[in-house]
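Read through the structure below, which is laid out as structure tokens, and then see the notes.
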Amino acid sequence: MTRHFLDLWALSPEDLRSILDDAHARKKARLGWPKGRIDADAPAKDLVLAMIFQKNSTRTRFSFDAAIRQLGGDGIISTANDMQLGRGETIEDTAKVLSRMVDAIMIRANRHEDVEQLAAASTVPVINGLTDKSHPCQIIADLQTIEEHRGSVAGKTLAWIGDGNNVCASFIHAAPKLGFSLTIACPPQYSPSEADLAHGSGAKITVTHDPKVAVAGADAVMADTWVSMGDTDYDERMAALGPYQVNEALMALAGPDALFLHCLPAHRGEEVTSAVIDGPQSVIWDEAENRIHAQKSILAWCFKS
């Protein structure tokens, strides 16, 4: 059976835990190694990963490219301008063609439905590298970062401040699988969807419009840019999200050793102040590095199919 990695809610708790544990182990196993050296087990030896980008990317692009190389495989990168996905050729036809040429497909797409269509027609694993609805790869790296600094995420309380967007949705999806609580502070018009909240059933998930309530006693505080690629309501977002800035005063209300995370790119002075993101509680550079280790574990899990 082909193992697609599309959304965390679709994974069993055991599979999600195993991916996270593997990410920890792979990072530890290559401490001090040159970044181009292949892992000892080389689980992707002789395998090829296609990487398709409908949206620009820094971390997803470099981390997946480095990941497949460290696993012993190779990669092919294509942007939306290089191919006819969903325009001159149907998504289903593209999936069937690529399934004959590569061993897995990672796609960073504008529409979640496109990724689902691609997976439905593909005979090789398809990985969701980001869509308008979710960002599961990012959350594996985020949870890995929290655990390497504070131990198991089970029983901890995480606080999400800002837009209840695709990244927030994947945190919701992971909460019942790994046993952490999540408090979300967002303006009413940027609240997470009812469908996403339903996927968080079984976990303690609280939605509030008061960031002070959300961060109270939290073990980690997360934020994201207020205006993402494709958003056309810049002025409305800036006005609505202004009170949701993570600053020193807000972080002071979190737990005494609370971490700060941001998936980047960051806009200092908007969703977070320089004092917080560049301060001692910030773990954003570990979080960015962990994208490589997380992608490797996701790929290795997919290749077990």
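Each chain in the structure tokens gets a letter, A, B, ..., in the order shown, and its residues are numbered from 1; ligands are numbered from 1 in order too.
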Residue contacts of Val213 of chain A (12 Å, only C-alpha atoms) excluding same-chain residues fewer than 3 positions away, as a list in words: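 Residues meeting the cut-off are Ala159, Trp160, Ile161, Leu182, Thr183, Ile184, Ala185, Cys186, Thr206, Val207, Thr208, His209, Asp210, Ala216, Gly217, Ala218, Tyr244, Leu250, Met251, Leu253 and Ala254 of chain A.
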Residues as selected, C-alpha atoms, written as a short mmCIF file (atom, residue, chain, number, x, y, z; two decimals), in the first residue's frame, can you do that?
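Here's the written file result_30.cif:
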```
data_model
loop_
_atom_site.label_atom_id
_atom_site.label_comp_id
_atom_site.auth_asym_id
_atom_site.auth_seq_id
_atom_site.Cartn_x
_atom_site.Cartn_y
_atom_site.Cartn_z
CA ALA A 159 0.07 28.36 22.60
CA TRP A 160 -0.54 29.54 19.03
CA ILE A 161 -0.84 33.31 18.59
CA LEU A 182 -3.21 23.65 22.48
CA THR A 183 -4.51 27.15 23.15
CA ILE A 184 -5.14 29.33 20.12
CA ALA A 185 -5.50 33.11 20.27
CA CYS A 186 -6.77 34.66 17.04
CA THR A 206 -9.06 26.07 23.38
CA VAL A 207 -9.79 28.96 21.05
CA THR A 208 -9.76 32.44 22.53
CA HIS A 209 -9.47 35.96 21.20
CA ASP A 210 -7.23 37.05 24.09
CA ALA A 216 -0.77 31.82 30.44
CA GLY A 217 1.56 29.09 31.76
CA ALA A 218 2.32 27.74 28.26
CA TYR A 244 -1.61 39.57 18.64
CA LEU A 250 3.28 38.59 26.45
CA MET A 251 6.11 36.05 26.80
CA LEU A 253 2.93 35.55 31.00
CA ALA A 254 3.96 32.15 29.61
#
```
Residue set, segment 74-213 of chain A restricted to alpha helix (DSSP H), as number ranges by chain: A: 91-99, 112-121, 136-150, 166-178, 194-199, 211-213
Residues near Leu197 of chain A, cut-off 12 Å, only C-alpha atoms, skip fewer than 2 positions along chain, as a count of residues only: 28
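Residue nearest Lys35 of chain A within the list A:Ser122, A:Asn128, A:Gln70, A:Thr157: A:Gln70 [criterion: smallest interatomic distance, only C-alpha atoms].
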Write down as a ChimeraX atom specification the residues belonging to segment 40-193 of chain A that are assigned strand (DSSP E) by DSSP computed on the backbone. /A:48-53,74-79,104-108,126-130,157-161,181-185
